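Structure file input.tsv (TSV, C-alpha atoms and all ligand atoms) is printed below.
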```tsv
chain	number	residue	atom	x	y	z
A	997	MET	CA	-14.52	22.50	1.17
A	998	THR	CA	-16.35	20.55	-1.57
A	999	ASN	CA	-16.36	16.78	-1.04
A	1000	LEU	CA	-14.75	14.88	-3.89
A	1001	LEU	CA	-16.73	11.65	-3.54
A	1002	THR	CA	-20.47	11.25	-3.84
A	1003	ILE	CA	-21.75	8.25	-1.90
A	1004	GLY	CA	-25.10	6.49	-2.25
A	1005	ASN	CA	-26.66	9.39	-4.08
A	1006	ASP	CA	-27.91	7.88	-7.33
A	1007	PRO	CA	-30.51	5.19	-7.88
A	1008	LYS	CA	-28.23	2.78	-9.73
A	1009	THR	CA	-25.54	2.59	-7.06
A	1010	ILE	CA	-28.23	2.32	-4.37
A	1011	LYS	CA	-29.44	-0.83	-6.18
A	1012	GLY	CA	-25.90	-2.23	-5.67
A	1013	GLU	CA	-26.34	-1.93	-1.91
A	1014	LYS	CA	-28.90	-4.74	-2.09
A	1015	ARG	CA	-25.97	-6.90	-3.26
A	1016	GLY	CA	-23.79	-5.75	-0.36
A	1017	VAL	CA	-21.71	-3.16	-2.25
A	1018	LYS	CA	-21.54	0.55	-1.46
A	1019	THR	CA	-20.21	2.76	-4.24
A	1020	ALA	CA	-18.44	6.12	-4.05
A	1021	ILE	CA	-18.23	8.12	-7.30
A	1022	LEU	CA	-16.04	11.06	-8.26
A	1023	TYR	CA	-17.93	13.41	-10.58
A	1024	LEU	CA	-15.76	15.97	-12.36
A	1025	ALA	CA	-16.75	18.47	-15.06
A	1026	PRO	CA	-16.32	16.49	-18.33
A	1027	VAL	CA	-14.32	17.45	-21.43
A	1028	ARG	CA	-13.15	21.07	-21.06
A	1029	LEU	CA	-16.07	22.40	-19.01
A	1030	ALA	CA	-13.70	23.47	-16.22
A	1031	GLY	CA	-11.31	25.10	-18.70
A	1032	GLY	CA	-7.80	23.85	-19.39
A	1033	GLN	CA	-7.03	20.19	-19.99
A	1034	ASN	CA	-9.63	17.92	-21.57
A	1035	VAL	CA	-10.47	15.24	-18.97
A	1036	CYS	CA	-12.28	13.12	-21.63
A	1037	PRO	CA	-9.70	12.87	-24.46
A	1038	PHE	CA	-11.84	10.46	-26.54
A	1039	ALA	CA	-15.24	12.05	-26.06
A	1040	THR	CA	-17.38	11.97	-29.22
A	1041	ALA	CA	-20.16	14.34	-30.28
A	1042	GLY	CA	-22.70	11.65	-29.36
A	1043	CYS	CA	-21.37	10.87	-25.89
A	1044	ALA	CA	-20.79	14.52	-24.98
A	1045	ALA	CA	-24.38	15.32	-25.92
A	1046	ALA	CA	-25.74	12.32	-23.99
A	1047	CYS	CA	-23.28	12.63	-21.09
A	1048	LEU	CA	-24.47	11.70	-17.61
A	1049	ASN	CA	-23.12	15.09	-16.52
A	1050	THR	CA	-26.53	16.67	-16.95
A	1051	ALA	CA	-28.54	13.68	-15.65
A	1052	GLY	CA	-30.19	13.59	-12.23
A	1053	ARG	CA	-28.59	16.05	-9.81
A	1054	GLY	CA	-26.30	17.20	-12.61
A	1055	ALA	CA	-29.17	19.41	-13.75
A	1056	PHE	CA	-28.61	21.71	-10.75
A	1057	THR	CA	-26.27	24.69	-11.02
A	1058	ALA	CA	-24.79	23.97	-7.57
A	1059	THR	CA	-23.85	20.43	-8.71
A	1060	GLN	CA	-22.20	21.76	-11.88
A	1061	GLU	CA	-20.27	24.36	-9.86
A	1062	ALA	CA	-19.03	21.66	-7.46
A	1063	ARG	CA	-17.84	19.53	-10.40
A	1064	ILE	CA	-15.97	22.49	-11.87
A	1065	ARG	CA	-14.35	23.27	-8.47
A	1066	ARG	CA	-13.19	19.63	-8.11
A	1067	THR	CA	-11.82	19.56	-11.65
A	1068	ARG	CA	-9.92	22.83	-11.18
A	1069	LEU	CA	-8.43	21.45	-7.96
A	1070	TYR	CA	-7.36	18.31	-9.86
A	1071	LEU	CA	-5.85	20.35	-12.71
A	1072	ASN	CA	-4.25	23.15	-10.68
A	1073	ASN	CA	-3.33	21.67	-7.29
A	1074	ARG	CA	-2.73	17.94	-7.76
A	1075	GLY	CA	-1.13	17.54	-4.31
A	1076	ALA	CA	-4.16	18.93	-2.44
A	1077	PHE	CA	-6.59	17.02	-4.67
A	1078	MET	CA	-4.88	13.65	-4.18
A	1079	ALA	CA	-4.46	14.17	-0.42
A	1080	GLN	CA	-8.19	14.87	-0.11
A	1081	LEU	CA	-9.09	11.92	-2.35
A	1082	VAL	CA	-6.97	9.50	-0.29
A	1083	ASN	CA	-8.50	10.85	2.90
A	1084	GLU	CA	-12.08	10.49	1.62
A	1085	ILE	CA	-11.49	6.94	0.32
A	1086	ARG	CA	-9.97	5.97	3.68
A	1087	LYS	CA	-13.02	7.28	5.54
A	1088	PHE	CA	-15.35	5.58	3.05
A	1089	VAL	CA	-13.61	2.22	3.61
A	1090	VAL	CA	-13.89	2.56	7.40
A	1091	SER	CA	-17.58	3.44	7.14
A	1092	CYS	CA	-18.22	0.47	4.79
A	1093	GLU	CA	-16.44	-1.87	7.20
A	1094	ARG	CA	-18.57	-0.60	10.07
A	1095	LYS	CA	-21.80	-1.11	8.12
A	1096	GLY	CA	-20.85	-4.44	6.54
A	1097	PHE	CA	-20.57	-3.28	2.91
A	1098	GLN	CA	-17.91	-4.05	0.31
A	1099	PRO	CA	-16.49	-0.66	-0.82
A	1100	ALA	CA	-16.32	0.11	-4.55
A	1101	VAL	CA	-15.00	3.33	-6.07
A	1102	ARG	CA	-15.64	4.77	-9.54
A	1103	LEU	CA	-13.31	7.71	-10.18
A	1104	ASN	CA	-14.49	8.54	-13.72
A	1105	GLY	CA	-18.16	9.23	-13.00
A	1106	THR	CA	-18.08	12.00	-15.63
A	1107	SER	CA	-14.47	12.01	-16.89
A	1108	ASP	CA	-12.05	9.58	-18.55
A	1109	ILE	CA	-8.74	10.05	-16.73
A	1110	VAL	CA	-6.07	7.31	-16.66
A	1111	TRP	CA	-6.13	7.08	-12.88
A	1112	GLU	CA	-3.76	4.12	-12.71
A	1113	ARG	CA	-1.01	6.49	-13.98
A	1114	VAL	CA	-1.76	9.45	-11.68
A	1115	LYS	CA	0.69	9.21	-8.80
A	1116	ILE	CA	-0.08	10.42	-5.29
A	1117	PRO	CA	2.57	13.14	-4.82
A	1118	GLY	CA	5.22	12.00	-2.34
A	1119	LEU	CA	4.09	8.35	-2.33
A	1120	ASP	CA	5.04	7.29	-5.87
A	1121	VAL	CA	1.94	5.11	-6.19
A	1122	ASP	CA	-1.44	5.72	-7.80
A	1123	VAL	CA	-4.60	5.86	-5.70
A	1124	ILE	CA	-5.93	2.51	-7.02
A	1125	ARG	CA	-2.85	0.55	-6.02
A	1126	HIS	CA	-2.72	2.49	-2.75
A	1127	PHE	CA	-6.02	0.83	-1.72
A	1128	PRO	CA	-5.58	-2.79	-2.89
A	1129	GLU	CA	-8.52	-3.95	-0.73
A	1130	VAL	CA	-10.92	-1.61	-2.56
A	1131	GLN	CA	-12.55	-2.52	-5.88
A	1132	PHE	CA	-12.22	0.30	-8.41
A	1133	TYR	CA	-14.07	0.31	-11.74
A	1134	ASP	CA	-14.80	2.71	-14.58
A	1135	TYR	CA	-16.32	3.07	-18.01
A	1136	THR	CA	-13.88	4.34	-20.63
A	1137	LYS	CA	-13.55	5.40	-24.25
A	1138	TRP	CA	-9.83	4.66	-24.26
A	1139	SER	CA	-9.20	1.79	-26.64
A	1140	PRO	CA	-7.79	-1.22	-24.77
A	1141	GLY	CA	-4.65	-1.00	-26.94
A	1142	GLN	CA	-3.94	2.63	-26.08
A	1143	ARG	CA	-4.81	2.19	-22.43
A	1144	LEU	CA	-2.66	-0.91	-21.91
A	1145	ALA	CA	0.24	0.67	-23.82
A	1146	LYS	CA	0.58	2.90	-20.75
A	1147	GLY	CA	1.10	-0.18	-18.56
A	1148	PRO	CA	-0.99	-2.97	-17.02
A	1149	LEU	CA	-4.14	-2.28	-15.04
A	1150	PRO	CA	-3.99	-2.72	-11.27
A	1151	ARG	CA	-5.59	-6.05	-10.31
A	1152	ASN	CA	-8.32	-4.23	-8.33
A	1153	TYR	CA	-9.41	-2.12	-11.34
A	1154	THR	CA	-12.03	-3.19	-13.92
A	1155	LEU	CA	-12.75	-1.26	-17.10
A	1156	THR	CA	-15.81	-1.35	-19.34
A	1157	TYR	CA	-15.28	-0.03	-22.87
A	1158	SER	CA	-18.07	2.40	-23.88
A	1159	LEU	CA	-19.19	1.82	-27.44
A	1160	ASN	CA	-19.85	5.01	-29.41
A	1161	GLU	CA	-20.44	6.26	-32.94
A	1162	ASP	CA	-16.72	6.45	-33.89
A	1163	PRO	CA	-16.21	4.11	-36.88
A	1164	ASN	CA	-13.25	2.48	-35.07
A	1165	ALA	CA	-15.25	1.75	-31.94
A	1166	LEU	CA	-16.49	-1.68	-33.09
A	1167	GLY	CA	-12.93	-2.99	-33.46
A	1168	ARG	CA	-12.02	-1.59	-30.05
A	1169	ALA	CA	-15.08	-3.21	-28.51
A	1170	ALA	CA	-14.09	-6.57	-30.01
A	1171	ASP	CA	-10.59	-6.15	-28.51
A	1172	ALA	CA	-12.14	-5.28	-25.16
A	1173	LEU	CA	-14.28	-8.44	-25.10
A	1174	ARG	CA	-11.27	-10.57	-26.09
A	1175	LEU	CA	-9.36	-9.14	-23.11
A	1176	GLY	CA	-12.23	-9.92	-20.73
A	1177	TRP	CA	-13.30	-6.26	-20.37
A	1178	ASN	CA	-17.00	-5.51	-20.62
A	1179	VAL	CA	-18.46	-3.40	-23.40
A	1180	ALA	CA	-21.30	-0.98	-22.68
A	1181	ALA	CA	-23.71	0.06	-25.44
A	1182	VAL	CA	-26.68	2.42	-25.33
A	1183	TYR	CA	-29.96	1.27	-26.94
A	1184	ASP	CA	-33.30	2.92	-27.61
A	1185	ARG	CA	-34.81	-0.09	-25.82
A	1186	LEU	CA	-33.01	-3.01	-24.26
A	1187	PRO	CA	-32.71	-6.12	-26.47
A	1188	ALA	CA	-32.14	-9.56	-24.91
A	1189	ARG	CA	-29.48	-10.56	-27.48
A	1190	VAL	CA	-27.73	-8.70	-30.31
A	1191	ARG	CA	-25.43	-9.56	-33.21
A	1192	ARG	CA	-21.91	-10.08	-31.93
A	1193	LEU	CA	-20.46	-8.46	-35.07
A	1194	ASP	CA	-21.87	-4.98	-34.57
A	1195	PHE	CA	-23.98	-5.19	-31.39
A	1196	ARG	CA	-27.11	-4.35	-33.40
A	1197	PRO	CA	-30.47	-5.89	-32.58
A	1198	ILE	CA	-31.31	-8.95	-34.67
A	1199	THR	CA	-33.38	-7.56	-37.51
A	1200	ALA	CA	-35.01	-10.30	-39.53
A	1201	GLU	CA	-36.29	-13.69	-38.66
A	1202	GLY	CA	-33.73	-16.23	-39.68
A	1203	ASP	CA	-30.83	-13.78	-39.11
A	1204	ASP	CA	-28.13	-16.35	-38.38
A	1205	HIS	CA	-25.29	-14.07	-37.22
A	1206	PRO	CA	-23.59	-15.17	-34.00
A	1207	THR	CA	-25.22	-13.31	-31.11
A	1208	ILE	CA	-24.27	-12.15	-27.66
A	1209	GLU	CA	-26.49	-11.80	-24.60
A	1210	VAL	CA	-27.18	-8.28	-23.32
A	1211	VAL	CA	-26.77	-7.78	-19.56
A	1212	ASP	CA	-29.12	-5.13	-18.17
A	1213	GLY	CA	-26.71	-2.40	-17.05
A	1214	ASP	CA	-29.51	-0.39	-15.48
A	1215	ALA	CA	-30.21	-3.12	-12.90
A	1216	ASP	CA	-27.12	-2.03	-10.94
A	1217	ASP	CA	-23.67	-0.50	-11.55
A	1218	LEU	CA	-21.55	-3.45	-10.34
A	1219	ARG	CA	-19.61	-3.89	-13.58
A	1220	PHE	CA	-16.64	-5.47	-11.79
A	1221	LEU	CA	-18.81	-8.54	-11.17
A	1222	ASP	CA	-19.12	-9.04	-14.95
A	1223	GLN	CA	-16.29	-10.15	-17.23
A	1224	GLY	CA	-16.33	-9.97	-21.01
A	1225	GLN	CA	-20.05	-9.13	-21.04
A	1226	LEU	CA	-22.08	-6.82	-23.24
A	1227	ILE	CA	-23.78	-4.31	-20.97
A	1228	GLY	CA	-26.91	-2.69	-22.41
A	1229	LEU	CA	-28.02	0.70	-21.15
A	1230	LYS	CA	-31.29	2.33	-22.08
A	1231	ALA	CA	-31.03	5.82	-23.63
A	1232	LYS	CA	-32.05	8.42	-21.07
A	1233	GLY	CA	-32.51	12.19	-21.02
A	1234	LYS	CA	-30.91	13.94	-23.99
A	1235	ALA	CA	-29.65	10.61	-25.41
A	1236	LYS	CA	-33.22	9.71	-26.40
A	1237	LYS	CA	-32.96	12.35	-29.14
A	1238	ASP	CA	-29.47	11.27	-30.31
A	1239	THR	CA	-28.96	11.40	-34.08
A	1240	THR	CA	-25.18	10.75	-34.16
A	1241	GLY	CA	-25.43	6.96	-34.01
A	1242	PHE	CA	-24.26	6.86	-30.38
A	1243	VAL	CA	-27.59	5.30	-29.40
A	1244	ILE	CA	-28.19	1.99	-31.21
A	1245	ARG	CA	-31.76	1.92	-32.48
A	1246	HIS	CA	-34.01	-0.95	-33.40
A	1247	ALA	CA	-34.94	-0.96	-37.08
B	1301	LIG	S1	-16.28	10.52	-22.25
B	1301	LIG	FE1	-17.86	9.98	-20.75
B	1301	LIG	S2	-17.76	11.62	-19.22
B	1301	LIG	FE2	-16.68	12.35	-21.04
B	1301	LIG	S3	-18.22	13.48	-22.23
B	1301	LIG	FE3	-18.24	11.35	-23.00
B	1301	LIG	S4	-19.84	10.35	-21.77
B	1301	LIG	FE4	-19.32	12.26	-20.70
```
Could you write out this file's structure as structure tokens?
Amino acid sequence: MTNLLTIGNDPKTIKGEKRGVKTAILYLAPVRLAGGQNVCPFATAGCAAACLNTAGRGAFTATQEARIRRTRLYLNNRGAFMAQLVNEIRKFVVSCERKGFQPAVRLNGTSDIVWERVKIPGLDVDVIRHFPEVQFYDYTKWSPGQRLAKGPLPRNYTLTYSLNEDPNALGRAADALRLGWNVAAVYDRLPARVRRLDFRPITAEGDDHPTIEVVDGDADDLRFLDQGQLIGLKAKGKAKKDTTGFVIRHA
């Protein structure tokens, strides 16, 4: 049976362990790669092309096959999927307790599912609320308005809005910051501060637009420790060649 959760297997989450947090991530096959339902309803051309799905171990066929198997289980046998997920989170929590780590879980490693609305069959509760002692967090392209229209977020769930090339994304990012969510943006190289209006690097000397500090999102993945911050990520892999506007470039 394929494990659902990947634990301590990527450099960014390993950096979090230095701060006492162990992270488990669920990697599915994004968009419609597994066939059937789109698990990233707001994916853009830019994000799909730059998606983490092909980064690191994602380059291996065996990894891609495992992600497709997990996604098909989620889509076609929700009961078995959720039972396995609950079981793996429970074991992860016990192992973290034994080793003295705070457990954190990211369910949308390479998907954008509204997990707080996916009930565990037979329990009438979602998996996030089922583990109130566990910190869950995700990056999302759902606008805060659309996401919150489905109901409030569980108090142990933090979302970071992922900025993208969609013309409406700037307004959604501003909403996200107002609500205390973080906003993540991808840059060709990491600036220290950017214009608050459009998150673009300050271009000319004397540019007097209000600015916002950029938190280095590659230092670790502990986004739930930030609130209302702009998280800068450096373009990696295929994103370096992005021409859609998904990657924000210095002039
Ligand atoms: S929404 Fe996220 S997971 Fe889905 S394709 Fe875009 S970057 Fe990848």
Within-6 Å residues of ligand LIG 1301 (chain B), basis all atoms listed in the file, as an NGL selection string: :A and (1026-1027 or 1036 or 1039 or 1043-1044 or 1047 or 1106-1108)
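With distances restricted to only C-alpha atoms, A:Asp1184 is the closest residue to Lys1237 in chain A from A:Ile1021, A:Gly1075, A:Trp1138, A:Asp1184.
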Of the listed residues A:Ala1231, A:Leu1119, A:Val1182, A:Ala1170, that which approaches Pro1197 in chain A most closely, counting only C-alpha atoms: A:Val1182
Shortest interatomic distance to Ala1030 in chain A - which of A:Ala1046, A:Leu1069, A:Ala1058, A:Ala1169, counting all atoms listed in the file: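 Looking only at the distances to Ala1030 in chain A, the closest residue turns out to be A:Leu1069.
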Minimum-distance residue to Phe1242 in chain A, chosen among A:Gln1080, A:Thr1207, A:Thr1154, A:Thr1040 (using only C-alpha atoms):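 So, comparing all the options, the nearest one is A:Thr1040.
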Expected answer as a ChimeraX atom specification: all residues with atoms within 8 Å of (-28.8, -7.0, -24.0), all atoms listed in the file: /A:1186-1190,1208-1212,1226-1228
Quick one: write out the picked residues with C-alpha atoms as a short mmCIF file (atom, residue, chain, number, x, y, z; two decimals), keeping the file's coordinate frame?
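Everything below was put into selection09.cif:
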```
data_model
loop_
_atom_site.label_atom_id
_atom_site.label_comp_id
_atom_site.auth_asym_id
_atom_site.auth_seq_id
_atom_site.Cartn_x
_atom_site.Cartn_y
_atom_site.Cartn_z
CA LEU A 1186 -33.01 -3.01 -24.26
CA PRO A 1187 -32.71 -6.12 -26.47
CA ALA A 1188 -32.14 -9.56 -24.91
CA ARG A 1189 -29.48 -10.56 -27.48
CA VAL A 1190 -27.73 -8.70 -30.31
CA ILE A 1208 -24.27 -12.15 -27.66
CA GLU A 1209 -26.49 -11.80 -24.60
CA VAL A 1210 -27.18 -8.28 -23.32
CA VAL A 1211 -26.77 -7.78 -19.56
CA ASP A 1212 -29.12 -5.13 -18.17
CA LEU A 1226 -22.08 -6.82 -23.24
CA ILE A 1227 -23.78 -4.31 -20.97
CA GLY A 1228 -26.91 -2.69 -22.41
#
```
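Of note, CA of Asp1006 in chain A and CA of Ile1124 in chain A are spaced 22.6 Å apart.
Between CA of Asp1171 in chain A and CA of Val1114 in chain A the interatomic distance comes to 24.6 Å.
Counting only C-alpha atoms, the residue from A:Arg1191, A:Ile1003, A:Phe1077, A:Arg1113 that sits nearest to Pro1148 in chain A is A:Arg1113.
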Computed interatomic separation between CA of Leu1071 in chain A and CA of Val1035 in chain A (Å): 9.3 Å
A:Gly1241, A:Gly1004, A:Gly1233, A:Pro1117 ranked by distance to Cys1092 in chain A, top pick (using all atoms listed in the file):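 Nearest to Cys1092 in chain A: A:Gly1004.
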Neighbours of point (-6.3, -1.4, -7.9) within 7 Å, using only C-alpha atoms, written as number ranges by chain: A: 1124-1125, 1127-1128, 1131-1132, 1150-1153
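For Lys1095 in chain A, the residues within 10 Å (counting all atoms listed in the file, excluding itself and residues fewer than 6 positions away along the chain) are Gly1016, Lys1018 and Val1089 of chain A.
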Pull C-alpha atoms from the residues just selected and write them as an mmCIF file, in the frame of the given file.
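Output file out_16.cif follows:
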```
data_model
loop_
_atom_site.group_PDB
_atom_site.id
_atom_site.type_symbol
_atom_site.label_atom_id
_atom_site.label_comp_id
_atom_site.auth_asym_id
_atom_site.auth_seq_id
_atom_site.Cartn_x
_atom_site.Cartn_y
_atom_site.Cartn_z
ATOM 1 C CA GLY A 1016 -23.790 -5.750 -0.360
ATOM 2 C CA LYS A 1018 -21.540 0.550 -1.460
ATOM 3 C CA VAL A 1089 -13.610 2.220 3.610
#
```
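The list of residues with at least one atom within 12 Å of Gly1031 in chain A, based on only C-alpha atoms and without residues fewer than 2 positions apart in the same chain, reads Leu1024, Ala1025, Pro1026, Val1027, Arg1028, Leu1029, Gln1033, Asn1034, Val1035, Arg1063, Ile1064, Arg1065, Thr1067, Arg1068, Leu1069, Tyr1070, Leu1071 and Asn1072 of chain A.
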Need to verify the contact set: Trp1111 in chain A, 10 Å, all atoms listed in the file, exclusion of same-chain residues closer than 5 positions in sequence. Can you return it as a PDB file with C-alpha atoms, in the coordinates of the input?
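Below is the file around_16.pdb, written as the result:
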```pdb
ATOM      1  CA  LEU A1103     -13.310   7.710 -10.180  1.00  0.00           C
ATOM      2  CA  ASN A1104     -14.490   8.540 -13.720  1.00  0.00           C
ATOM      3  CA  ASP A1122      -1.440   5.720  -7.800  1.00  0.00           C
ATOM      4  CA  VAL A1123      -4.600   5.860  -5.700  1.00  0.00           C
ATOM      5  CA  ILE A1124      -5.930   2.510  -7.020  1.00  0.00           C
ATOM      6  CA  ASP A1134     -14.800   2.710 -14.580  1.00  0.00           C
ATOM      7  CA  LEU A1149      -4.140  -2.280 -15.040  1.00  0.00           C
ATOM      8  CA  TYR A1153      -9.410  -2.120 -11.340  1.00  0.00           C
TER       9      TYR A1153
END
```
